[in-house]
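query38.cif follows; it contains mmCIF, C-alpha atoms and all ligand atoms.
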data_input
loop_
_atom_site.label_atom_id
_atom_site.label_comp_id
_atom_site.auth_asym_id
_atom_site.auth_seq_id
_atom_site.Cartn_x
_atom_site.Cartn_y
_atom_site.Cartn_z
CA MET A 103 78.71 115.00 105.20
CA VAL A 104 79.47 114.83 108.91
CA CYS A 105 77.28 117.03 111.10
CA SER A 106 78.45 117.94 114.54
CA THR A 107 75.62 118.23 117.06
CA GLU A 108 77.97 119.43 119.78
CA ARG A 109 77.03 122.89 121.05
CA PRO A 110 79.61 125.40 122.28
CA LYS A 111 80.28 125.17 126.03
CA ILE A 112 80.27 128.10 128.44
CA LEU A 113 81.56 127.90 132.01
CA VAL A 114 80.28 130.47 134.48
CA ILE A 115 82.37 131.01 137.63
CA ASP A 116 80.65 133.23 140.19
CA ASP A 117 80.00 132.90 143.91
CA GLU A 118 76.58 134.60 143.56
CA ILE A 119 73.83 132.17 142.69
CA GLY A 120 71.75 134.99 141.17
CA THR A 121 74.38 135.81 138.52
CA ARG A 122 75.02 132.13 137.79
CA GLU A 123 71.36 131.34 137.29
CA SER A 124 70.58 134.43 135.22
CA LEU A 125 73.50 133.62 132.89
CA ARG A 126 72.41 129.98 132.66
CA PHE A 127 68.87 131.11 131.77
CA LEU A 128 70.12 133.61 129.18
CA LEU A 129 72.55 131.26 127.44
CA LYS A 130 71.03 127.79 127.75
CA ASN A 131 69.14 127.88 124.41
CA ASP A 132 72.31 128.16 122.34
CA TYR A 133 75.03 126.80 124.62
CA ASP A 134 75.80 124.06 127.12
CA VAL A 135 76.18 126.04 130.32
CA ILE A 136 78.11 124.70 133.31
CA CYS A 137 78.52 126.62 136.55
CA ALA A 138 81.02 126.72 139.41
CA ASP A 139 80.69 128.72 142.64
CA CYS A 140 84.41 129.28 143.31
CA VAL A 141 87.76 129.49 141.52
CA ASP A 142 89.05 126.03 142.51
CA ARG A 143 85.92 124.23 141.28
CA GLY A 144 85.87 126.45 138.17
CA VAL A 145 89.51 125.63 137.28
CA GLN A 146 88.77 121.93 137.75
CA GLN A 147 85.63 122.14 135.55
CA ALA A 148 87.64 123.95 132.88
CA ARG A 149 90.28 121.20 132.94
CA GLU A 150 87.66 118.46 132.58
CA SER A 151 85.21 119.97 130.09
CA HIS A 152 87.32 122.33 127.91
CA PRO A 153 84.77 125.15 127.62
CA ASP A 154 84.78 127.52 124.63
CA LEU A 155 84.13 130.52 126.86
CA ILE A 156 84.57 131.23 130.58
CA ILE A 157 82.63 134.06 132.20
CA MET A 158 84.17 134.75 135.61
CA ASP A 159 83.48 137.21 138.37
CA ILE A 160 86.48 139.19 139.63
CA ARG A 161 85.29 139.66 143.21
CA MET A 162 84.87 136.35 144.94
CA PRO A 163 85.66 135.24 148.51
CA GLY A 164 88.79 133.07 148.83
CA LYS A 165 90.63 133.10 145.51
CA ASN A 166 89.44 136.05 143.43
CA GLY A 167 88.93 136.21 139.66
CA ILE A 168 92.44 137.58 139.02
CA GLN A 169 94.05 134.56 140.71
CA GLY A 170 91.54 132.34 138.91
CA LEU A 171 92.54 133.89 135.59
CA ARG A 172 96.23 133.14 136.24
CA GLU A 173 95.44 129.48 136.94
CA LEU A 174 93.12 129.17 133.95
CA ARG A 175 95.67 130.71 131.59
CA ALA A 176 98.38 128.39 132.91
CA GLN A 177 96.34 125.37 131.90
CA ASP A 178 94.80 126.66 128.64
CA ALA A 179 95.86 129.70 126.65
CA LEU A 180 93.16 129.36 123.99
CA THR A 181 89.79 129.49 125.76
CA SER A 182 88.20 132.95 125.73
CA VAL A 183 87.64 134.52 129.15
CA ILE A 184 85.28 137.41 129.94
CA MET A 185 85.56 138.97 133.41
CA LEU A 186 82.55 140.31 135.31
CA THR A 187 83.46 143.47 137.19
CA GLY A 188 81.67 145.55 139.75
CA PHE A 189 80.94 149.24 139.20
CA GLY A 190 84.07 151.38 139.43
CA ALA A 191 86.56 148.50 139.20
CA LEU A 192 88.19 149.72 135.98
CA GLU A 193 91.75 149.22 137.17
CA THR A 194 91.17 145.61 138.18
CA ALA A 195 89.46 144.98 134.85
CA GLN A 196 92.45 146.42 133.02
CA GLU A 197 94.79 144.21 135.02
CA ALA A 198 92.66 141.23 134.00
CA ILE A 199 93.11 142.16 130.33
CA ARG A 200 96.88 142.39 130.87
CA LEU A 201 96.80 138.89 132.38
CA GLY A 202 95.06 137.44 129.33
CA ALA A 203 91.30 138.03 129.75
CA ASN A 204 89.66 138.75 126.40
CA ASP A 205 87.13 141.32 127.61
CA TYR A 206 85.26 142.55 130.67
CA VAL A 207 81.61 143.39 131.37
CA ASN A 208 80.23 145.54 134.16
CA LYS A 209 77.63 144.12 136.50
CA PRO A 210 74.69 144.28 136.11
CA PHE A 211 75.17 143.29 132.48
CA ASP A 212 73.03 144.09 129.51
CA THR A 213 71.54 140.79 128.21
CA SER A 214 71.74 141.49 124.49
CA ALA A 215 75.35 142.74 124.83
CA MET A 216 76.18 139.56 126.78
CA LEU A 217 74.58 137.38 124.07
CA SER A 218 76.59 139.04 121.34
CA LEU A 219 79.83 138.72 123.39
CA ALA A 220 79.11 135.04 124.04
CA SER A 221 78.64 134.40 120.34
CA ARG A 222 81.77 136.34 119.38
CA PHE A 223 84.06 134.76 121.97
CA THR A 224 82.89 131.15 121.62
CA GLN A 225 83.58 131.48 117.88
CA ARG A 226 86.94 133.02 118.63
CA SER A 227 87.98 130.04 120.81
CA HIS A 228 86.79 127.67 118.14
CA MET A 229 88.83 129.45 115.46
CA GLU A 230 91.88 129.70 117.72
CA ARG A 231 91.83 125.96 118.44
CA LYS A 232 91.41 125.23 114.75
CA ARG A 233 94.31 127.53 113.92
CA VAL A 234 96.59 125.90 116.50
CA ARG A 235 95.58 122.38 115.34
CA MET A 236 96.27 123.27 111.71
CA LEU A 237 99.56 124.88 112.64
CA ARG A 238 100.59 121.71 114.49
CA GLU A 239 99.56 119.55 111.51
CA LEU A 240 101.52 121.85 109.20
CA GLN A 241 104.58 121.63 111.44
CA ASP A 242 104.29 117.81 111.52
CA MET A 243 103.91 117.70 107.76
CA ASN A 244 106.84 120.06 107.37
CA SER A 245 109.16 118.00 109.57
CA ARG A 246 108.10 114.81 107.74
CA LEU A 247 108.87 116.52 104.41
CA VAL A 248 112.25 117.71 105.67
CA GLU A 249 113.09 114.15 106.79
CA ASP A 250 111.94 112.71 103.43
CA LEU A 251 113.97 115.30 101.56
CA ALA A 252 117.09 114.58 103.62
CA ALA A 253 116.71 110.84 102.97
CA LYS A 254 116.14 111.44 99.24
CA GLU A 255 119.12 113.75 99.06
CA ARG A 256 121.33 111.16 100.70
CA LEU A 257 120.08 108.52 98.25
CA ALA A 258 120.55 110.90 95.31
CA ASN A 259 124.13 111.64 96.40
CA LEU A 260 124.77 107.95 96.83
CA GLY A 261 123.25 107.26 93.41
CA GLN A 262 125.46 109.84 91.71
CA THR A 263 128.63 108.68 93.44
CA SER A 264 127.94 105.03 92.81
CA ALA A 265 127.13 105.63 89.13
CA GLU A 266 130.53 107.29 88.74
CA PHE A 267 132.13 104.48 90.70
CA ALA A 268 130.41 101.86 88.55
CA HIS A 269 131.57 103.66 85.44
CA ASP A 270 135.18 103.82 86.57
CA LEU A 271 135.11 100.21 87.76
CA ARG A 272 134.40 98.94 84.26
CA ASN A 273 137.78 100.11 82.95
CA PRO A 274 140.03 98.03 85.26
CA LEU A 275 137.61 95.13 84.83
CA MET A 276 138.13 95.26 81.06
CA ILE A 277 141.89 95.17 81.61
CA VAL A 278 141.66 92.17 83.96
CA MET A 279 139.43 90.36 81.46
CA GLY A 280 142.02 90.95 78.76
CA TYR A 281 144.74 89.44 80.96
CA ILE A 282 142.54 86.46 81.81
CA ASN A 283 142.19 85.78 78.09
CA MET A 284 145.96 85.94 77.66
CA LEU A 285 146.42 83.65 80.65
CA ASP A 286 143.93 81.24 79.11
CA GLN A 287 145.95 81.13 75.89
CA GLN A 288 149.24 80.67 77.78
CA LEU A 289 147.66 77.87 79.76
CA ALA A 290 146.55 76.11 76.58
CA LYS A 291 150.15 76.28 75.30
CA ALA A 292 151.43 74.73 78.54
CA ARG A 293 148.79 71.98 78.50
CA ASP A 294 151.25 69.13 77.88
CA MET A 295 153.62 70.34 80.52
CA LEU A 296 150.92 70.68 83.21
CA GLY A 297 149.23 67.31 82.66
CA ASN A 298 146.31 66.74 85.07
CA GLU A 299 146.77 70.08 86.70
CA PHE A 300 145.80 71.75 83.44
CA GLU A 301 142.09 70.78 83.84
CA GLN A 302 141.92 72.17 87.35
CA ALA A 303 143.68 75.40 86.42
CA ALA A 304 141.38 75.80 83.41
CA ASP A 305 138.33 75.32 85.70
CA TYR A 306 139.62 77.96 88.09
CA LEU A 307 140.18 80.36 85.24
CA GLU A 308 136.65 79.75 83.97
CA VAL A 309 135.21 80.61 87.38
CA ILE A 310 137.30 83.78 87.54
CA GLU A 311 136.25 84.75 84.04
CA LYS A 312 132.54 84.16 84.72
CA ASN A 313 132.66 86.22 87.88
CA LEU A 314 134.51 89.02 86.17
CA HIS A 315 131.75 89.14 83.57
CA ARG A 316 129.28 89.27 86.42
CA CYS A 317 131.10 92.22 87.95
CA TYR A 318 131.07 93.94 84.59
CA ASP A 319 127.32 93.32 84.16
CA LEU A 320 126.68 94.55 87.69
CA ALA A 321 128.65 97.73 87.11
CA GLN A 322 126.61 98.37 83.97
CA LEU A 323 123.32 97.59 85.73
CA TRP A 324 124.26 99.92 88.53
CA GLN A 325 124.93 102.74 86.15
CA ASN A 326 121.64 102.17 84.34
CA ALA A 327 119.70 101.83 87.58
CA ASN A 328 120.76 105.37 88.43
CA LYS A 329 119.19 106.55 85.18
CA GLY A 330 115.96 104.80 86.14
CA ASP A 331 116.55 102.17 83.47
CA LEU A 332 116.66 98.71 84.95
CA GLY A 333 117.37 96.97 81.68
CA GLN A 334 115.28 94.58 79.66
CA PHE A 335 113.82 91.57 81.39
CA LYS A 336 114.62 88.24 79.76
CA PRO A 337 113.67 84.64 80.54
CA VAL A 338 115.99 83.52 83.35
CA PRO A 339 116.10 79.77 84.08
CA VAL A 340 116.10 79.43 87.88
CA ALA A 341 118.63 76.57 87.73
CA SER A 342 121.26 78.67 85.96
CA MET A 343 120.63 81.59 88.30
CA ILE A 344 121.17 79.36 91.36
CA GLU A 345 124.28 77.85 89.75
CA ASP A 346 125.80 81.31 89.32
CA LEU A 347 124.75 82.27 92.80
CA VAL A 348 126.37 79.22 94.37
CA MET A 349 129.53 79.86 92.40
CA SER A 350 129.67 83.43 93.66
CA VAL A 351 129.08 82.61 97.33
CA GLU A 352 131.18 79.45 97.66
CA PRO A 353 134.49 81.30 98.08
CA LEU A 354 132.87 83.50 100.74
CA MET A 355 131.61 80.40 102.57
CA ALA A 356 135.04 78.83 102.46
CA ALA A 357 136.69 82.00 103.75
CA ALA A 358 134.19 82.24 106.62
CA ASP A 359 134.45 78.50 107.43
CA VAL A 360 130.72 77.99 106.94
CA THR A 361 128.99 74.85 105.64
CA MET A 362 126.46 75.22 102.87
CA GLU A 363 123.68 72.72 102.20
CA TYR A 364 121.48 72.72 99.13
CA SER A 365 118.19 71.26 98.10
CA ILE A 366 117.13 72.52 94.73
CA GLU A 367 113.84 71.49 93.14
CA ASP A 368 113.28 74.30 90.70
CA GLY A 369 111.04 72.23 88.41
CA GLY A 370 112.75 73.77 85.36
CA ALA A 371 111.06 77.08 86.19
CA VAL A 372 111.88 80.26 84.29
CA ILE A 373 111.58 83.78 85.66
CA ASN A 374 111.00 86.84 83.53
CA GLY A 375 113.68 89.15 84.85
CA SER A 376 117.28 90.15 85.09
CA HIS A 377 119.75 87.33 85.78
CA ALA A 378 122.40 89.62 87.27
CA GLN A 379 119.92 91.50 89.46
CA LEU A 380 118.38 88.31 90.85
CA VAL A 381 121.81 86.86 91.66
CA ARG A 382 122.64 90.17 93.33
CA ALA A 383 119.47 90.10 95.45
CA ILE A 384 119.98 86.60 96.82
CA HIS A 385 123.72 87.12 97.15
CA ASN A 386 122.92 89.92 99.61
CA VAL A 387 120.64 87.63 101.60
CA ILE A 388 123.34 84.95 101.77
CA SER A 389 126.02 87.51 102.75
CA ASN A 390 123.89 88.47 105.73
CA ALA A 391 123.54 84.81 106.70
CA ILE A 392 127.33 84.37 106.47
CA ASP A 393 127.83 87.41 108.73
CA ALA A 394 125.32 86.04 111.24
CA VAL A 395 126.80 82.56 111.77
CA THR A 396 129.75 81.44 113.88
CA PRO A 397 132.79 80.21 111.91
CA GLY A 398 133.28 76.46 112.21
CA VAL A 399 129.71 75.68 113.28
CA GLY A 400 127.76 77.91 110.92
CA VAL A 401 125.41 76.12 108.51
CA ILE A 402 123.50 77.85 105.75
CA ARG A 403 120.78 75.98 103.88
CA LEU A 404 119.76 77.10 100.44
CA SER A 405 116.55 75.56 99.19
CA CYS A 406 114.50 76.20 96.12
CA ILE A 407 111.00 74.87 95.65
CA TYR A 408 108.68 75.36 92.73
CA SER A 409 104.93 75.33 93.25
CA ASP A 410 101.83 77.15 92.02
CA SER A 411 103.60 79.31 89.43
CA PHE A 412 106.09 80.57 92.01
CA VAL A 413 109.59 79.58 93.03
CA GLU A 414 110.56 80.09 96.62
CA ILE A 415 114.23 80.41 97.39
CA LYS A 416 114.87 80.06 101.10
CA VAL A 417 118.09 80.90 102.91
CA THR A 418 118.18 79.51 106.44
CA ASP A 419 121.04 80.09 108.84
CA ASN A 420 121.80 78.92 112.38
CA GLY A 421 123.30 82.28 113.30
CA SER A 422 122.61 85.01 115.84
CA GLY A 423 119.00 85.65 114.76
CA MET A 424 117.35 89.03 115.15
CA SER A 425 115.48 90.76 117.95
CA PRO A 426 111.96 92.04 117.05
CA GLU A 427 113.43 95.58 116.88
CA VAL A 428 116.12 94.60 114.34
CA LEU A 429 113.60 92.50 112.39
CA LYS A 430 111.30 95.51 112.14
CA ARG A 431 114.05 97.83 110.91
CA MET A 432 116.22 95.55 108.75
CA PHE A 433 114.77 96.85 105.44
CA GLU A 434 115.33 100.52 106.32
CA PRO A 435 118.01 102.20 104.18
CA TYR A 436 121.29 102.56 106.08
CA TYR A 437 120.08 100.48 109.04
CA THR A 438 122.90 98.22 110.16
CA THR A 439 123.96 96.54 113.39
CA LYS A 440 127.40 95.82 112.01
CA PRO A 441 130.54 97.74 112.97
CA LYS A 442 131.56 100.78 110.96
CA GLY A 443 133.21 99.76 107.72
CA LYS A 444 131.57 96.31 107.78
CA GLY A 445 127.94 97.10 106.92
CA THR A 446 126.32 99.94 105.00
CA GLY A 447 122.75 98.88 105.74
CA LEU A 448 121.87 98.71 102.04
CA GLY A 449 122.01 94.96 101.32
CA THR A 450 118.40 94.19 102.24
CA VAL A 451 117.20 97.43 100.61
CA ILE A 452 118.78 96.32 97.32
CA ALA A 453 117.41 92.77 97.67
CA HIS A 454 113.93 94.03 98.50
CA ARG A 455 113.84 96.45 95.58
CA ILE A 456 115.00 93.82 93.08
CA VAL A 457 112.52 91.23 94.32
CA GLU A 458 109.68 93.77 94.18
CA GLU A 459 110.66 94.73 90.64
CA HIS A 460 110.26 91.07 89.72
CA GLY A 461 106.78 90.95 91.26
CA GLY A 462 108.00 88.89 94.20
CA THR A 463 107.98 89.11 97.97
CA ILE A 464 110.49 88.62 100.79
CA THR A 465 109.50 87.16 104.14
CA VAL A 466 111.76 86.86 107.16
CA THR A 467 111.38 84.78 110.29
CA SER A 468 114.01 84.99 112.98
CA ALA A 469 114.63 84.16 116.60
CA VAL A 470 117.50 85.41 118.70
CA GLY A 471 119.99 82.60 119.29
CA SER A 472 118.51 80.12 116.84
CA GLY A 473 118.79 81.72 113.43
CA THR A 474 116.98 83.28 110.52
CA THR A 475 115.10 82.19 107.42
CA VAL A 476 114.68 84.57 104.52
CA GLY A 477 112.22 83.43 101.84
CA VAL A 478 112.29 85.03 98.40
CA LYS A 479 109.16 84.17 96.42
CA LEU A 480 109.21 84.97 92.72
CA PRO A 481 106.57 84.45 90.04
CA VAL A 482 107.68 82.21 87.17
CA MET A 483 106.74 82.67 83.53
CA SER A 484 106.84 79.08 82.44
CA GLU A 485 106.91 75.71 84.12
CA SER A 486 109.65 74.38 81.97
CA VAL A 487 112.81 75.72 80.42
CA SER A 488 112.46 73.30 77.56
CA ALA A 489 109.01 74.63 76.80
CA LEU A 490 110.64 77.93 75.98
CA SER A 491 113.33 76.73 73.70
N1 LIG B 1 120.41 86.47 108.44
C1 LIG B 1 120.52 87.45 109.33
N2 LIG B 1 120.81 87.16 110.63
C2 LIG B 1 120.91 88.16 111.56
N3 LIG B 1 120.74 89.47 111.29
C3 LIG B 1 120.45 89.82 110.02
C4 LIG B 1 120.31 88.84 108.98
N4 LIG B 1 120.00 89.50 107.84
C5 LIG B 1 119.95 90.82 108.15
N5 LIG B 1 120.23 91.02 109.44
C6 LIG B 1 120.23 92.31 110.17
O1 LIG B 1 119.71 93.32 109.32
C7 LIG B 1 120.62 94.42 109.23
C8 LIG B 1 120.48 95.07 107.88
O2 LIG B 1 120.94 94.20 106.85
P1 LIG B 1 121.48 94.81 105.49
O3 LIG B 1 121.88 93.69 104.62
O4 LIG B 1 120.48 95.77 104.97
O5 LIG B 1 122.72 95.68 105.94
P2 LIG B 1 124.14 95.17 106.46
O6 LIG B 1 124.30 93.71 106.18
O7 LIG B 1 124.30 95.61 107.86
O8 LIG B 1 125.12 96.01 105.52
P3 LIG B 1 125.41 95.76 103.95
O9 LIG B 1 124.56 94.63 103.48
O10 LIG B 1 124.98 97.05 103.31
O11 LIG B 1 126.84 95.50 103.87
C9 LIG B 1 121.98 93.80 109.51
O12 LIG B 1 122.90 94.76 109.99
C10 LIG B 1 121.63 92.75 110.57
O13 LIG B 1 121.54 93.32 111.84
MG MG B 2 123.90 92.89 104.31
#

What does the file become when written as structure tokens?
Ligand SMILES: Nc1ncnc2c1ncn2[C@@H]1O[C@H](COP(=O)(O)OP(=O)(O)OP(=O)(O)O)[C@@H](O)[C@H]1O
Ligand SMILES: [Mg+2]
Amino acid sequence: MVCSTERPKILVIDDEIGTRESLRFLLKNDYDVICADCVDRGVQQARESHPDLIIMDIRMPGKNGIQGLRELRAQDALTSVIMLTGFGALETAQEAIRLGANDYVNKPFDTSAMLSLASRFTQRSHMERKRVRMLRELQDMNSRLVEDLAAKERLANLGQTSAEFAHDLRNPLMIVMGYINMLDQQLAKARDMLGNEFEQAADYLEVIEKNLHRCYDLAQLWQNANKGDLGQFKPVPVASMIEDLVMSVEPLMAAADVTMEYSIEDGGAVINGSHAQLVRAIHNVISNAIDAVTPGVGVIRLSCIYSDSFVEIKVTDNGSGMSPEVLKRMFEPYYTTKPKGKGTGLGTVIAHRIVEEHGGTITVTSAVGSGTTVGVKLPVMSESVSALS
């Protein structure tokens, strides 16, 4: 339990030393009493020490209590203020109440009445401050909730639309796959006629077919992801995952006139996960690298190292790099620095989610003008593919 030893504070503002000292004597056992002999010093004391109650004389030379009250209320609306009035000054006292004083007491005051007022009004200030603090916290909480809800709603809408999109996409994909099969058969028939070119054409067709299957798998995964079902994890050999990845990004590299370098030492590692999801995660990282480099001089290095029951796949580019601000925000949903229509700001969100679902981590280092390295570290289930089979 936390005990507060702080006593309530009372500020007395009165030009008469007699009143100040008698109030100090009366209140000092239960309160911290501070005194000021004029309005200006009183207002300053109130600003510095935030009293729970101010007892202020109305009649003072220079600025009087009514002016003092205006200044005090302008700087703090919550502290309780009791005015001390002379005999027969009812109208002034009533004006003070209109201006925001909480009560008034005639001089000379009755000590037990003053003690009970002090207790009542210090508690009132305390409760008022608590109420305002709680209200502010509630408002903060409320605006945070509204923001969260808006973000969730946007994601829910996106989820629904993309599930429908994924569903519809599978139909034309099936049709294209059917035609690829027919083309494959036609090609086999024309084998003699084509000679050497047959092998190359068959290779191209195989790549197209594999990628179509990938699209189909992705569409299905996407639909399931919306239902909260991310599919069954299976042993995924890192080598085959990288092979598929390279195959899927090579045409993009060629189109963007970017050089790709590889160094793969996967150690035959196997990840327990989803092949299509992992390819999708790293594909997003590589797409960002492609967007960041300059055509003709852009180089992207893909490395894969196995050590200590982890594989680390690193994608390093010599592109624009990121400022600390972009680096801090890059994983936020919908955050993009790309022109409208080019980026949705979801690539890193997708990659991050997939890597997390596989028990892995993503680290990013970047410097403006020199490039970026994204490291995807994933736990492996076995040191060797052959050990599994
Ligand atoms: N390798 C990189 N080099 C420079 N900036 C990067 C790199 N990777 C990410 N970024 C920055 O992070 C931002 C967010 O990336 P993210 O992949 O989430 O969205 P996007 O690429 O803009 O759009 P999307 O991937 O949805 O098409 C990018 O707009 C870019 O500013
Ligand atoms: Mg991206």

Check: Can I get the residues close to ligand LIG 1 (chain B) as a PyMOL selection string, where close means within 8 Å and we count only C-alpha atoms and all ligand atoms?
Finding: chain A and resi 386-395+418-419+421-424+428-429+431-440+444-452+468+473-476

Using all atoms listed in the file, determine which residues lie at most 10 Å from Glu230 in chain A, disregarding the query and same-chain residues fewer than 3 positions distant; provide the list as a CSV table (one decimal) with C-alpha atoms, in the frame of the given file.
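The resulting file, part-v8.csv, is reproduced below:
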chain,number,residue,atom,x,y,z
A,179,ALA,CA,95.9,129.7,126.6
A,180,LEU,CA,93.2,129.4,124.0
A,181,THR,CA,89.8,129.5,125.8
A,182,SER,CA,88.2,133.0,125.7
A,224,THR,CA,82.9,131.2,121.6
A,225,GLN,CA,83.6,131.5,117.9
A,226,ARG,CA,86.9,133.0,118.6
A,227,SER,CA,88.0,130.0,120.8
A,233,ARG,CA,94.3,127.5,113.9
A,234,VAL,CA,96.6,125.9,116.5
A,235,ARG,CA,95.6,122.4,115.3
A,236,MET,CA,96.3,123.3,111.7

Item checked: Who sits within 12 Å of range 297-308 of chain A, only C-alpha atoms, same chain under 6 positions skipped, as a PyMOL selection string -> chain A and resi 278-279+281-291+314-315+349+353

Next item on the list: One decimal, Å: what's the distance from CA of Tyr133 in chain A over to CA of Thr121 in chain A, could you say?
Entry: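 The value is 16.6 Å.
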
Long-range neighbours of range 371-377 of chain A as a PDB file with C-alpha atoms, in the frame of the given file, 12 Å cut-off, all atoms listed in the file, 5 positions minimum in chain:
ATOM      1  CA  ARG A 316     129.280  89.270  86.420  1.00  0.00           C
ATOM      2  CA  ASP A 319     127.320  93.320  84.160  1.00  0.00           C
ATOM      3  CA  LEU A 320     126.680  94.550  87.690  1.00  0.00           C
ATOM      4  CA  LEU A 323     123.320  97.590  85.730  1.00  0.00           C
ATOM      5  CA  LEU A 332     116.660  98.710  84.950  1.00  0.00           C
ATOM      6  CA  GLY A 333     117.370  96.970  81.680  1.00  0.00           C
ATOM      7  CA  GLN A 334     115.280  94.580  79.660  1.00  0.00           C
ATOM      8  CA  PHE A 335     113.820  91.570  81.390  1.00  0.00           C
ATOM      9  CA  LYS A 336     114.620  88.240  79.760  1.00  0.00           C
ATOM     10  CA  PRO A 337     113.670  84.640  80.540  1.00  0.00           C
ATOM     11  CA  VAL A 338     115.990  83.520  83.350  1.00  0.00           C
ATOM     12  CA  PRO A 339     116.100  79.770  84.080  1.00  0.00           C
ATOM     13  CA  VAL A 340     116.100  79.430  87.880  1.00  0.00           C
ATOM     14  CA  ALA A 341     118.630  76.570  87.730  1.00  0.00           C
ATOM     15  CA  SER A 342     121.260  78.670  85.960  1.00  0.00           C
ATOM     16  CA  MET A 343     120.630  81.590  88.300  1.00  0.00           C
ATOM     17  CA  ILE A 344     121.170  79.360  91.360  1.00  0.00           C
ATOM     18  CA  GLU A 345     124.280  77.850  89.750  1.00  0.00           C
ATOM     19  CA  ASP A 346     125.800  81.310  89.320  1.00  0.00           C
ATOM     20  CA  LEU A 347     124.750  82.270  92.800  1.00  0.00           C
ATOM     21  CA  ILE A 366     117.130  72.520  94.730  1.00  0.00           C
ATOM     22  CA  ARG A 382     122.640  90.170  93.330  1.00  0.00           C
ATOM     23  CA  ALA A 383     119.470  90.100  95.450  1.00  0.00           C
ATOM     24  CA  ILE A 384     119.980  86.600  96.820  1.00  0.00           C
ATOM     25  CA  CYS A 406     114.500  76.200  96.120  1.00  0.00           C
ATOM     26  CA  ILE A 407     111.000  74.870  95.650  1.00  0.00           C
ATOM     27  CA  TYR A 408     108.680  75.360  92.730  1.00  0.00           C
ATOM     28  CA  SER A 409     104.930  75.330  93.250  1.00  0.00           C
ATOM     29  CA  ASP A 410     101.830  77.150  92.020  1.00  0.00           C
ATOM     30  CA  SER A 411     103.600  79.310  89.430  1.00  0.00           C
ATOM     31  CA  PHE A 412     106.090  80.570  92.010  1.00  0.00           C
ATOM     32  CA  VAL A 413     109.590  79.580  93.030  1.00  0.00           C
ATOM     33  CA  GLU A 414     110.560  80.090  96.620  1.00  0.00           C
ATOM     34  CA  ILE A 456     115.000  93.820  93.080  1.00  0.00           C
ATOM     35  CA  VAL A 457     112.520  91.230  94.320  1.00  0.00           C
ATOM     36  CA  GLU A 458     109.680  93.770  94.180  1.00  0.00           C
ATOM     37  CA  GLU A 459     110.660  94.730  90.640  1.00  0.00           C
ATOM     38  CA  HIS A 460     110.260  91.070  89.720  1.00  0.00           C
ATOM     39  CA  GLY A 461     106.780  90.950  91.260  1.00  0.00           C
ATOM     40  CA  GLY A 462     108.000  88.890  94.200  1.00  0.00           C
ATOM     41  CA  LYS A 479     109.160  84.170  96.420  1.00  0.00           C
ATOM     42  CA  LEU A 480     109.210  84.970  92.720  1.00  0.00           C
ATOM     43  CA  PRO A 481     106.570  84.450  90.040  1.00  0.00           C
ATOM     44  CA  VAL A 482     107.680  82.210  87.170  1.00  0.00           C
ATOM     45  CA  MET A 483     106.740  82.670  83.530  1.00  0.00           C
ATOM     46  CA  SER A 484     106.840  79.080  82.440  1.00  0.00           C
ATOM     47  CA  GLU A 485     106.910  75.710  84.120  1.00  0.00           C
ATOM     48  CA  SER A 486     109.650  74.380  81.970  1.00  0.00           C
ATOM     49  CA  VAL A 487     112.810  75.720  80.420  1.00  0.00           C
ATOM     50  CA  SER A 488     112.460  73.300  77.560  1.00  0.00           C
ATOM     51  CA  ALA A 489     109.010  74.630  76.800  1.00  0.00           C
ATOM     52  CA  LEU A 490     110.640  77.930  75.980  1.00  0.00           C
ATOM     53  CA  SER A 491     113.330  76.730  73.700  1.00  0.00           C
TER      54      SER A 491
END

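Computed from the coordinates, the CA of Gly144 in chain A to CA of Ala176 in chain A distance equals 13.7 Å.
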
For a quick check of your reading of the model, name the residues lying within 6 Å of the coordinate (113.5, 78.3, 100.8), counting all atoms listed in the file, and write them as a PDB file with C-alpha atoms, in the coordinates of the input.
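As a result, out-v7.pdb now contains:
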ATOM      1  CA  SER A 405     116.550  75.560  99.190  1.00  0.00           C
ATOM      2  CA  CYS A 406     114.500  76.200  96.120  1.00  0.00           C
ATOM      3  CA  GLU A 414     110.560  80.090  96.620  1.00  0.00           C
ATOM      4  CA  ILE A 415     114.230  80.410  97.390  1.00  0.00           C
ATOM      5  CA  LYS A 416     114.870  80.060 101.100  1.00  0.00           C
ATOM      6  CA  VAL A 417     118.090  80.900 102.910  1.00  0.00           C
ATOM      7  CA  GLY A 477     112.220  83.430 101.840  1.00  0.00           C
TER       8      GLY A 477
END

Margin query: Using all atoms listed in the file, which protein or nucleic acid residues come within 9 Å of Leu271 in chain A? Drop anything in the same chain fewer than 5 positions from it, and give the result as a list in words.
Written below: Glu266, Met276, Cys317, Tyr318 and Ala321 of chain A

Item checked: Atom-to-atom span, CA of Ala453 in chain A and CA of Val351 in chain A, Å ->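 Interatomic distance, CA of Ala453 in chain A to CA of Val351 in chain A: 15.5 Å.
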
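Minimum atom-to-atom distances from A:Trp324, A:Val348, A:Leu380, A:Arg403 to Asp270 in chain A were compared using all atoms listed in the file, and the lowest value belongs to A:Trp324.
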
Margin query: Is it possible to get the residues within 7 Å of (77.0, 121.8, 124.3) (coordinates as in the file, counting only C-alpha atoms) written as a PyMOL selection string?
Written below: chain A and resi 108-111+133-134

So that I can see what lies close to Pro210 in chain A, please list as a short mmCIF file (atom, residue, chain, number, x, y, z; two decimals) with C-alpha atoms, in the coordinates of the input the residues with an atom at most 9 Å from it, counting only C-alpha atoms and leaving out residues fewer than 5 positions away in the same chain.
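Just written: part.cif:
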data_model
loop_
_atom_site.label_atom_id
_atom_site.label_comp_id
_atom_site.auth_asym_id
_atom_site.auth_seq_id
_atom_site.Cartn_x
_atom_site.Cartn_y
_atom_site.Cartn_z
CA THR A 121 74.38 135.81 138.52
CA LEU A 186 82.55 140.31 135.31
CA THR A 187 83.46 143.47 137.19
CA GLY A 188 81.67 145.55 139.75
CA PHE A 189 80.94 149.24 139.20
#
